Every structure is written in C-alpha cells, then in structure tokens.
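S.K.: Here you go, one structure.
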Amino acid sequence: MGWNLFIRKHILPLFQLLAPVPPPAWVPITIILFGVGLSMKLFLIFLGAFYPILFNTYQAVKDTEPRYLSSARSLGASELTLILNVYFWHSLGAIIMSIKTGVAMGLVMLVIAEMHGGRSGIGYLLMESKEFFQIPHMIVCMIILGVIGWFLIEVLNYIELKLALWKVARS
Amino acid sequence: MIEARKISKIYSVVNQHGIAEKITAVQSVSLTVQDGRIVSLLGPSGCGKSTLLEILAGLQIPTEGEVFIDGVRVLEPLPSSRREIELYRRKYRFLSPLANRLIRNTLKYDIAVIFQDYAIFPWMTVLKNVVFALKMRGVDRHERKDKAIEYLKRVDLSSDLNKYPSQLSGGMRQRLALARALAVEPKIILMDEPFAAVDTLTRERLQDDLLGLWKMTKVTIILVTHDISEALYLSDEVFVFSSNPGTIQNHFLIDELHRRRRNSPQLHDLEQKLIKICKYNHRS
C-alpha cells in the first residue's frame, strides 16, 4: 500500500473506514459468525493486532527515503527486489515496533474474547473470580497476563536485535 | 555518446497562498558528451543541474525533450494529449512512473549514479553493498564476491569488508560509493556533487583516486558540482549553468596541455574568468 499509488488510492479508504471500529465492538457479530470457540478468539485477536501493524507499516513504507530507491533503481532493481531489499529493511524498525503494539492489542482482545465466550482461559478465570470476589485470583491473572506480554515483547526485541544489526553496529 | 536534446523540466509547486505555480527547473538544455570524457556541469545550487542529471540517469521524466545514448532513445517525455495519457496510464498502472518491471528488469541503461549523500544502503555491509549492485546487473553468483573484493581493493577498503556504512568515515563512504559504481562496469558514471561533504584534503585525495580509476577504465563521467576549481581540475569540458531558469550559459573546452594540473596558471586564469561569469549570472 505504501509502495504503489494505485493500490493506495483504491484500498486505503476501505481500511480507513473499518479501522476506527473498536475491536470489542466486533465481538457480538463474531460470535454469530464463528460461534463460541477457538476460531472466534483467533479472529478477534487478529482484528486487534491487524490495524496497528497495517498502518504503521504503511506509513513506514511510504516514508522510505527516495534516494535509496533511486539508487537501487539506477542499479537496475525491479520492484520486487525493491520491496525485499529496500522497503523492508528501511521500515524494519517501524514494523517491529508496530508488532509490539499489536501484541499488546492482541492480549487485550484475548481477555475480551475469553470474557465473552470462553469456558477456560485467563479472561474467563478473571470473570469467574469476580463473581466469587476472589481478589488474589484476579491479581494472579493480571500478573500472568503481564508476564506473557513482557515475554512476547522480549522475544520481539531479540528478533529486532538479530535483524537490525546495522543499527546497533555504530560503535 | 550521450546526447540530450532540448530538455525541459517543469515542476508544479504550491506557494504560500496555496496556489499552484509552475517552476521551470531546466529549460531547453541541449548537450553532447563524447565517450571517455569527464564533463562537469557547473552552477550555483538550485539551478537544475541535479535535475538534469536525474533525467540523464532515467530517474525522472523530462517534460519536454529526449535523451539519446549511443543513438538510442532512452527516455520518452510525458504524454500531452488525452489519448496518449490513457495509453500511458494503462501501460504503467501497476508500476512506478518509471516503467519499472515487477519481477525482473530488462536493463535499459548502462549507467551508474553516485548521489550527493552516496545513498549506500546502511543495512548492508560494505561487501554486500557491492555484491547487491553486481547481482542487480546479473553477474554470476560465484563471481560476485571475488569481483566485489577486487573493486573494493582498488579503493583501499579491503580491510573493512564486514563493517556497516555507519561505522565508516565520510571519505570511506564516498570511496565505497565509487567502488559500487565502478564494479558494475558501466559505460557512463553520473556524479551528483560527490565530494561536497568531505574535507579539503580528503577531497583532493579522492579526486586523484577518481582520476586514477578513470585512466584505467576510461568511462564517461558526468560530474555535477558547484566547486569551480574541482570542475576545472577534473574535467575535459565544463558546462556553466545559470539559474532561474536553469540553462547552459557557457561551454568551455579545456586545452589538453593544461588538463589535470593542479597549479597551472592557465587554469587559474580560467578559474578567475569563470568566477566572474558565475557572479554575473547570479546578479542578472
């Protein structure tokens, strides 16, 4: 989308229309469509994580330095090589950053999905302990969620360190 | 031989009142460059010489005029009639405006460009930058690395193969860009103020390096610069630009006797003359 004006003109408005719909508002219709189960949870998590990743990546690709592009073009790069070798690497930092935001949003959606239609899981446990007023249970659930999020973000940090070696190489 | 015929480039910009204005960056410039020569385009900043260079490199489309390289027309101007615009759109719909191929490029130009700020890729190591350029030119997989190392040796970078460009100094980056341009063995090298960002001593060394490499390979070099002494020292011909709109004002051929001598008095006289001309152009 950031790469091509034609695609941007025709597809971006669609996403801009859909993105402001808050992901929790999707819950009822998803339950009707997918029923209560794993696929519904997966779809909700996907919805939560999709838009931040999409828009951040789009912005980063659009802002790719034109001098790198023209330099690669003058060497004779085709559009596919441009995407693989210039756009991707140039926007890598923003992509990983957006995946981090996506992870956080995904966790939010996980809890919401489980609150609404789960028979197990952390969100369900939270709701259940609310019913019985078990504050320690609730706190443990929150801590577990935090640890999961932290762990995923650390994994992403590691990947970023491995891929974007050229950014830390300045010694 | 490069031949540019009556090239004009007109941009439309929005001024501070929000009204579209047209700005003529280059106005009917014609120039001919013989093979194996170093030619300078000299002029103040913002007079359209970089635009002309990008047009010659095929990175921008001229509003009017044509570029021929060895008698082959390499650039077509933008369409003007409605019918042509429709055809043009259909042709380039899914691609960038420069008719780039999606998967595989058929090479149109045998040109290497060195940009003002070098435009070497910061996410590739020194070696990979050159290997990437060779890969783009369809050099065989096994030969790429050896060839890249050979050219990096020529510019004294063989000890820094696995460093990233952010770890190099300005002069080294410049030499890397030079190696990348030379490694693809082009017929023509276009340079956009290549030595503007390095200090005087490094610049003189780089100029001598460039001349040494040029003597070995005999490529055609078109050099854009605003440094008068650099233009005189390096080149066989000098085209002087004036700004607003950018046109060629004067054309100097430098005598073979005085070429590439740093302290020759004739060159010094010519330099004084050029400074006068540039000042005059600037005033009017």
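Residues in the structure tokens are numbered from 1 in each chain, the chains being A, B, ... in the order shown, and ligands are numbered from 1 in the order shown.
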Mind listing as number ranges by chain which residues of chain A are within 12 Å of chain B, counting only C-alpha atoms?

M.R.: A: 1-9, 65-93, 163-171

S.K.: What would the file look like if the residues just selected were written as a tab-separated table (two decimals), in the first residue's frame with C-alpha atoms?

M.R.:
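Saved as out.tsv:
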```tsv
chain	number	residue	atom	x	y	z
A	1	MET	CA	0.00	0.00	0.00
A	2	GLY	CA	2.81	2.39	0.74
A	3	TRP	CA	4.60	1.11	-2.31
A	4	ASN	CA	2.04	1.70	-5.00
A	5	LEU	CA	-0.18	4.68	-5.59
A	6	PHE	CA	-2.83	2.68	-7.40
A	7	ILE	CA	-3.29	0.24	-4.53
A	8	ARG	CA	-3.16	3.06	-2.01
A	9	LYS	CA	-5.87	5.01	-3.75
A	65	GLU	CA	13.94	7.63	1.58
A	66	PRO	CA	13.63	8.27	-2.14
A	67	ARG	CA	17.38	8.43	-2.59
A	68	TYR	CA	17.74	4.77	-1.62
A	69	LEU	CA	15.01	3.92	-4.09
A	70	SER	CA	16.53	5.87	-6.92
A	71	SER	CA	19.93	4.47	-6.10
A	72	ALA	CA	18.62	0.92	-6.33
A	73	ARG	CA	16.63	1.74	-9.43
A	74	SER	CA	19.64	3.16	-11.17
A	75	LEU	CA	21.41	-0.11	-10.47
A	76	GLY	CA	18.57	-1.83	-12.26
A	77	ALA	CA	16.48	-3.22	-9.42
A	78	SER	CA	12.99	-4.45	-10.21
A	79	GLU	CA	10.06	-3.62	-7.98
A	80	LEU	CA	10.20	-6.98	-6.23
A	81	THR	CA	13.85	-6.51	-5.32
A	82	LEU	CA	13.00	-3.02	-4.19
A	83	ILE	CA	10.39	-4.39	-1.82
A	84	LEU	CA	12.61	-7.15	-0.49
A	85	ASN	CA	15.86	-5.23	-0.30
A	86	VAL	CA	14.96	-1.60	0.27
A	87	TYR	CA	11.44	-1.05	1.56
A	88	PHE	CA	11.53	-3.94	4.02
A	89	TRP	CA	14.86	-3.10	5.59
A	90	HIS	CA	14.21	0.60	5.67
A	91	SER	CA	10.92	0.17	7.54
A	92	LEU	CA	12.02	-2.75	9.68
A	93	GLY	CA	12.22	-0.77	12.91
A	163	LEU	CA	17.80	-8.38	12.16
A	164	ALA	CA	18.72	-4.76	12.66
A	165	LEU	CA	22.35	-5.33	13.45
A	166	TRP	CA	23.31	-2.35	11.34
A	167	LYS	CA	21.50	-0.03	13.73
A	168	VAL	CA	23.43	-1.10	16.78
A	169	ALA	CA	26.69	-1.57	14.89
A	170	ARG	CA	27.72	2.04	15.41
A	171	SER	CA	30.42	1.67	17.99
```

S.K.: Skipping near chain neighbours, those fewer than 3 positions away, what residues fall within 8 Å of region 262-275 of chain B using only C-alpha atoms, listed as a list in words?

M.R.: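 Residues meeting the cut-off are Ile228, Ser229, Leu232, Tyr233, His258, Cys278 and Lys279 of chain B.
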
S.K.: Dump C-alpha atoms for the selected residues as a tab-separated table (two decimals), in the first residue's frame?

M.R.:
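Below is the file part30.tsv, written as the result:
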```
chain	number	residue	atom	x	y	z
B	228	ILE	CA	34.83	25.79	-9.76
B	229	SER	CA	38.38	24.59	-9.11
B	232	LEU	CA	38.44	22.70	-13.83
B	233	TYR	CA	40.84	20.21	-12.34
B	258	HIS	CA	46.63	22.26	-19.13
B	278	CYS	CA	29.14	33.00	-12.30
B	279	LYS	CA	28.89	36.27	-10.41
```

S.K.: Enumerate the residues of region 121-239 of chain B with a DSSP assignment of alpha helix (DSSP H), computed from the backbone, and present them as a short mmCIF file (atom, residue, chain, number, x, y, z; two decimals) with C-alpha atoms, in the first residue's frame.

M.R.:
```
data_model
loop_
_atom_site.label_atom_id
_atom_site.label_comp_id
_atom_site.auth_asym_id
_atom_site.auth_seq_id
_atom_site.Cartn_x
_atom_site.Cartn_y
_atom_site.Cartn_z
CA VAL B 126 30.38 -2.87 2.72
CA LEU B 127 30.83 -6.10 0.82
CA LYS B 128 27.12 -6.74 0.48
CA ASN B 129 26.51 -3.28 -0.93
CA VAL B 130 28.81 -4.02 -3.84
CA VAL B 131 27.56 -7.59 -4.21
CA PHE B 132 23.99 -6.31 -4.37
CA ALA B 133 24.91 -3.95 -7.19
CA LEU B 134 26.57 -6.79 -9.09
CA LYS B 135 23.56 -9.01 -8.51
CA MET B 136 21.30 -6.35 -9.97
CA ARG B 141 26.59 -15.92 -8.37
CA HIS B 142 30.10 -17.32 -7.94
CA GLU B 143 31.90 -14.37 -9.47
CA ARG B 144 30.12 -11.67 -7.48
CA LYS B 145 32.11 -11.87 -4.29
CA ASP B 146 35.53 -12.02 -5.92
CA LYS B 147 34.70 -9.16 -8.20
CA ALA B 148 33.37 -7.06 -5.34
CA ILE B 149 36.52 -7.66 -3.30
CA GLU B 150 38.67 -6.77 -6.29
CA TYR B 151 36.97 -3.42 -6.74
CA LEU B 152 36.99 -2.71 -3.01
CA LYS B 153 40.72 -3.31 -3.05
CA ARG B 154 41.10 -0.66 -5.72
CA GLY B 170 32.72 10.21 5.18
CA GLY B 171 35.65 9.69 2.84
CA MET B 172 35.41 5.92 3.14
CA ARG B 173 31.69 6.04 2.38
CA GLN B 174 32.47 8.09 -0.69
CA ARG B 175 35.03 5.54 -1.80
CA LEU B 176 32.53 2.76 -1.21
CA ALA B 177 30.02 4.53 -3.43
CA LEU B 178 32.73 4.89 -6.06
CA ALA B 179 33.57 1.19 -5.82
CA ARG B 180 29.93 0.27 -6.16
CA ALA B 181 29.58 2.44 -9.23
CA LEU B 182 32.73 1.08 -10.84
CA ALA B 183 32.07 -2.56 -10.00
CA THR B 200 39.61 19.55 1.53
CA LEU B 201 42.47 17.10 1.98
CA THR B 202 40.25 14.06 1.61
CA ARG B 203 38.63 15.67 -1.36
CA GLU B 204 41.93 16.16 -3.16
CA ARG B 205 42.87 12.57 -2.47
CA LEU B 206 39.51 11.31 -3.70
CA GLN B 207 39.82 13.41 -6.84
CA ASP B 208 43.20 11.87 -7.57
CA ASP B 209 41.78 8.41 -6.87
CA LEU B 210 38.95 9.11 -9.25
CA LEU B 211 41.33 10.23 -11.97
CA GLY B 212 43.47 7.15 -11.46
CA LEU B 213 40.48 4.87 -11.77
CA TRP B 214 39.24 6.82 -14.75
CA LYS B 215 42.57 6.40 -16.55
CA MET B 216 42.29 2.65 -16.00
CA THR B 217 38.72 2.24 -17.17
CA ILE B 228 34.83 25.79 -9.76
CA SER B 229 38.38 24.59 -9.11
CA GLU B 230 37.17 20.99 -8.82
CA ALA B 231 35.37 21.25 -12.14
CA LEU B 232 38.44 22.70 -13.83
CA TYR B 233 40.84 20.21 -12.34
CA LEU B 234 38.86 17.10 -13.16
#
```

S.K.: In Å to one decimal, how far is CA of Met1 (chain B) from CA of Gln34 (chain B)?

M.R.: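 Those two atoms sit 4.8 Å apart.
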
S.K.: Please report the interatomic distance between CA of Lys49 (chain B) and CA of His17 (chain B) in Å with one decimal.

M.R.: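 Those two atoms sit 27.9 Å apart.
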
S.K.: Compile the contact shell of Met115 (chain A) as an NGL selection string: residues with an atom at most 10 Å away, counting only C-alpha atoms, same-chain residues fewer than 3 positions apart removed.

M.R.: :A and (109-112 or 118-128)

S.K.: Extract, using only C-alpha atoms, all DNA, RNA and protein residues at most 6 Å from region 40-49 of chain A, discarding same-chain residues fewer than 4 positions from it, and format them as a list of chain:residue names.

M.R.: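 Here the answer would be A:Pro23, A:Phe34, A:Gly102, A:Met105, A:Gly106, A:Met109, A:Leu110, A:Ala113.
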
S.K.: Please provide as a list of chain:residue names all residues within 9 Å of Asn250 (chain B), with the sequence filter that same-chain residues fewer than 6 positions apart are discarded (counting only C-alpha atoms).

M.R.: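 Non-adjacent residues within range: B:Val238, B:Phe239, B:Val240, B:Phe241, B:Ser242, B:Ile277.
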
S.K.: Please identify the strand (DSSP E or B) residues within region 92-217 of chain B (assignment by DSSP from backbone atoms) and present them as a list of chain:residue names.

M.R.: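 Residues meeting the strand (DSSP E or B) criterion: B:Ile111, B:Ala112, B:Val113, B:Ile114, B:Phe115, B:Tyr118, B:Ile188, B:Ile189, B:Leu190, B:Met191, B:Asp192.
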
S.K.: May I have the residues from that selection written out with N, CA and C atoms, as a PDB file, in the first residue's frame?

M.R.:
```
ATOM      1  N   ILE B 111      24.335   2.657 -16.865  1.00  0.00           N
ATOM      2  CA  ILE B 111      24.704   3.870 -16.164  1.00  0.00           C
ATOM      3  C   ILE B 111      24.846   3.562 -14.678  1.00  0.00           C
ATOM      4  N   ALA B 112      25.836   4.161 -14.039  1.00  0.00           N
ATOM      5  CA  ALA B 112      25.886   4.108 -12.582  1.00  0.00           C
ATOM      6  C   ALA B 112      25.782   5.532 -12.060  1.00  0.00           C
ATOM      7  N   VAL B 113      25.098   5.696 -10.977  1.00  0.00           N
ATOM      8  CA  VAL B 113      24.900   7.034 -10.421  1.00  0.00           C
ATOM      9  C   VAL B 113      25.493   7.079  -9.024  1.00  0.00           C
ATOM     10  N   ILE B 114      26.215   8.141  -8.718  1.00  0.00           N
ATOM     11  CA  ILE B 114      26.660   8.385  -7.347  1.00  0.00           C
ATOM     12  C   ILE B 114      25.939   9.627  -6.858  1.00  0.00           C
ATOM     13  N   PHE B 115      25.201   9.479  -5.789  1.00  0.00           N
ATOM     14  CA  PHE B 115      24.383  10.602  -5.341  1.00  0.00           C
ATOM     15  C   PHE B 115      25.137  11.464  -4.362  1.00  0.00           C
ATOM     16  N   TYR B 118      25.622   9.848  -1.254  1.00  0.00           N
ATOM     17  CA  TYR B 118      26.118   8.499  -1.557  1.00  0.00           C
ATOM     18  C   TYR B 118      25.033   7.454  -1.724  1.00  0.00           C
ATOM     19  N   ILE B 188      28.838   4.776 -18.430  1.00  0.00           N
ATOM     20  CA  ILE B 188      28.700   6.165 -18.013  1.00  0.00           C
ATOM     21  C   ILE B 188      28.543   6.206 -16.490  1.00  0.00           C
ATOM     22  N   ILE B 189      29.269   7.108 -15.852  1.00  0.00           N
ATOM     23  CA  ILE B 189      29.038   7.333 -14.422  1.00  0.00           C
ATOM     24  C   ILE B 189      28.541   8.767 -14.250  1.00  0.00           C
ATOM     25  N   LEU B 190      27.436   8.902 -13.564  1.00  0.00           N
ATOM     26  CA  LEU B 190      26.921  10.228 -13.261  1.00  0.00           C
ATOM     27  C   LEU B 190      27.180  10.518 -11.793  1.00  0.00           C
ATOM     28  N   MET B 191      27.733  11.684 -11.512  1.00  0.00           N
ATOM     29  CA  MET B 191      28.044  12.014 -10.119  1.00  0.00           C
ATOM     30  C   MET B 191      27.367  13.306  -9.736  1.00  0.00           C
ATOM     31  N   ASP B 192      26.701  13.282  -8.605  1.00  0.00           N
ATOM     32  CA  ASP B 192      25.993  14.466  -8.136  1.00  0.00           C
ATOM     33  C   ASP B 192      26.719  15.013  -6.921  1.00  0.00           C
TER      34      ASP B 192
END
```

S.K.: Could you work out how far CA of Val224 (chain B) lies from CA of Pro194 (chain B), giving the answer in Å with one decimal?

M.R.: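 Straight-line distance from CA of Pro194 (chain B) to CA of Val224 (chain B) works out to 8.0 Å.
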
S.K.: For each of A:Val147, A:Glu114, A:Ile159, A:Ala60, take the minimum atom-to-atom distance to Val27 (chain A), counting only C-alpha atoms, then give the residue where this is smallest.

M.R.: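 Looking at the shortest contact to Val27 (chain A), the residue is A:Glu114.
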